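Okay, structure first, notes after.
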Number of protein chains: 2
Amino acid sequence: MTLQLQPVSATEALARSLRDRILSGEIEPGSRLPELELVRSYGVARPTVREALQLLVHQGLLQRRPNHSACVPELTPAAVEDIFYARAPLELHTVRTLAERGEEIPAARAAVERFEALGDKAHWSEAVDADLAFHVALIDAVGSPRLARLHAALEGEIRLCIAQLRPAWHTPSALAEEHRQVLDGILAGSPPAAEARMREHLDKAVRDLTGRARERERDA
Amino acid sequence: MTLQLQPVSATEALARSLRDRILSGEIEPGSRLPELELVRSYGVARPTVREALQLLVHQGLLQRRPNHSACVPELTPAAVEDIFYARAPLELHTVRTLAERGEEIPAARAAVERFEALGDKAHWSEAVDADLAFHVALIDAVGSPRLARLHAALEGEIRLCIAQLRPAWHTPSALAEEHRQVLDGILAGSPPAAEARMREHLDKAVRDLTGRARERERDA
DNA sequence: TGTGTCTAGTTGTCAGACAATGTAGGGTCA
DNA sequence: TGACCCTACATTGTCTGACAACTAGACACA
């Protein structure tokens, strides 16, 4: 294994920082992000800001209309459903492929165990990280760069969705159990069973999240 | 229906022009695109060029490593397979959804008819346009913005793939017939049948294209 | 009430510059 | 001759500063 230095460009560093702030809720849904404000607060040049914004727009974490400031999207119940509608085929295709192989997936196994070790008192952002780490481990195990790219293009929105609606979030232990079920299904080498478990896992998540989104809409 | 003016920004116009030139084969696979050269040839500023390049990279039409010029990727047989591996779940999910509804899809119908009217003498790029128009019409008919976004993120590469390997391309009439079969399957309201036809359509395409890619690899 | 005008704020685009990095050619040494 | 190093060039990454174009909101007016 070669050691890899990963020099991070200013653009990328800025994009990551904004991403973190958006996902942590520090930058609230609906708030605007004028370019000059970012220039001032980060001390970088405007082209750098613009590139970083373009990156985040691609990831679905920001919206931009011509001649308007970028802003953080507010997820409606319909948007939540749509995110999971588009996500489902990717996750199911992944699980099916892996179950056909029936091989151990060390990264996914590790993710499940980390999740289980977390306990119900953990901070919600840790739980989200552990949750998505499992799904990403599955996708990566398939070995399809393009499938991974498609998933990455949705991952930001999935996180955003959870970040904005986190009161609906399960307790970590329940989720970890669901993950273990999926992984066991894969290793059992039965595509239909594994697929069914993943489908259930996703359905449950989307039910909870849309429910919470509807509540929030009523309150507002 | 509101009438929409679509003023095109310089960035977008540049991205489109480059996209067309890449897909037409005018800019060959493997060739480099230094930023300053684009600045000179198009008479735009460098930030504009960089934004356009970033767009195309996101669409898979260009590759960029840090401190290197962007270049057009050369598609290996493995890459072709991977494109279709990632594409399949999107297309099949789409077809399944539409077949469950069983409703007429005017845009897709129109695309099939345009394809059939094309005749076998048409230029290959017209055939590609007609082909993708059908698939895009199906995806759009679903009404999921995110599914459409995922498909769009792959569409560039699908086109690139066909553009680079076009000698493997079927005669338009055969493809149009396959499309009609898929559409009929959807309108018959039978998800499994519709899905099977789409799967066959995709399998056939990937067989032809990887075959051609392997040939080319041998020649080189 | 509805229309037109003005202004401030913001984005879209341009020009020019410099440092850091990657590449290729030539020269040195074994 | 072949391997290695080193310098010059090409290119990207980033910055500064600038101006035009556009949007939205406030205001005056019919």
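Chain lettering (A, B, ...) mirrors the order of the structure tokens, residue numbering begins at 1 for each chain separately, and ligand numbering begins at 1 in order of display.
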
Notebook entry, point to check: Near Gly185 in chain A, counting only C-alpha atoms (C1' of nucleotides), which residues have an atom at most 8 Å away, once you skip same-chain residues fewer than 4 positions from it, shown as a PyMOL selection string?
Noted result: chain A and resi 99+181+189-191+193-194+197

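In this comparison, chain A was overlaid on chain B using all C-alpha atoms paired by position, and the resulting RMSD is 0.2 Å.
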
Checklist line | Interface residues on chain B facing chain C, 10 Å, only C-alpha atoms (C1' of nucleotides), written as a ChimeraX atom specification | finding: /B:9-11,44-48,66-68

Could you dump the residues just selected with C-alpha atoms as a tab-separated table (two decimals), in the first residue's frame?
```
chain	number	residue	atom	x	y	z
B	9	SER	CA	-24.57	32.19	-20.50
B	10	ALA	CA	-21.12	32.21	-22.02
B	11	THR	CA	-20.15	29.29	-19.82
B	44	VAL	CA	-13.53	34.09	-23.60
B	45	ALA	CA	-11.87	34.54	-20.24
B	46	ARG	CA	-10.16	31.75	-18.36
B	47	PRO	CA	-12.65	31.51	-15.50
B	48	THR	CA	-15.37	30.96	-18.08
B	66	PRO	CA	-4.69	18.34	-10.78
B	67	ASN	CA	-2.18	20.44	-12.69
B	68	HIS	CA	-2.92	18.70	-15.98
```

Next item on the list: Identify all chain D residues at most 10 Å from chain A by counting only C-alpha atoms (C1' of nucleotides); ligands do not count. Present them as a list in words.
Entry: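 Interface list for chain D against chain A: DG13, DT14, DC15, DT16, DA21, DC22 and DT23 of chain D.
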
Residue neighbourhood Ser144 in chain A, 12 Å, only C-alpha atoms (C1' of nucleotides), exclusion window fewer than 6 positions, as a tab-separated table (two decimals) with C-alpha atoms, in the first residue's frame:
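Output saved as around20.tsv:
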```tsv
chain	number	residue	atom	x	y	z
A	90	LEU	CA	-29.00	2.06	-7.07
A	93	HIS	CA	-28.92	-3.12	-7.85
A	94	THR	CA	-25.89	-3.04	-5.57
A	97	THR	CA	-24.91	-7.87	-7.42
A	98	LEU	CA	-23.18	-8.46	-4.11
A	136	VAL	CA	-21.02	3.58	0.58
A	138	LEU	CA	-21.59	-1.66	-0.33
A	150	LEU	CA	-24.25	8.29	-9.28
A	151	HIS	CA	-24.57	7.43	-5.61
B	78	ALA	CA	-14.47	-2.28	-19.28
B	79	ALA	CA	-15.63	1.33	-19.24
B	80	VAL	CA	-18.38	0.59	-21.75
B	81	GLU	CA	-19.60	-2.28	-19.62
B	82	ASP	CA	-19.49	-0.12	-16.55
B	83	ILE	CA	-21.54	2.63	-18.18
B	84	PHE	CA	-24.27	0.17	-19.01
B	85	TYR	CA	-23.99	-1.53	-15.65
B	86	ALA	CA	-24.79	1.78	-13.97
B	87	ARG	CA	-27.37	2.74	-16.55
```

Item checked: Pick from B:Val8, B:Leu118, B:Leu183, B:Ala111 nearest to chain A, counting only C-alpha atoms ->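 Checking each of B:Val8, B:Leu118, B:Leu183, B:Ala111 against chain A, counting only C-alpha atoms, the winner is B:Val8.
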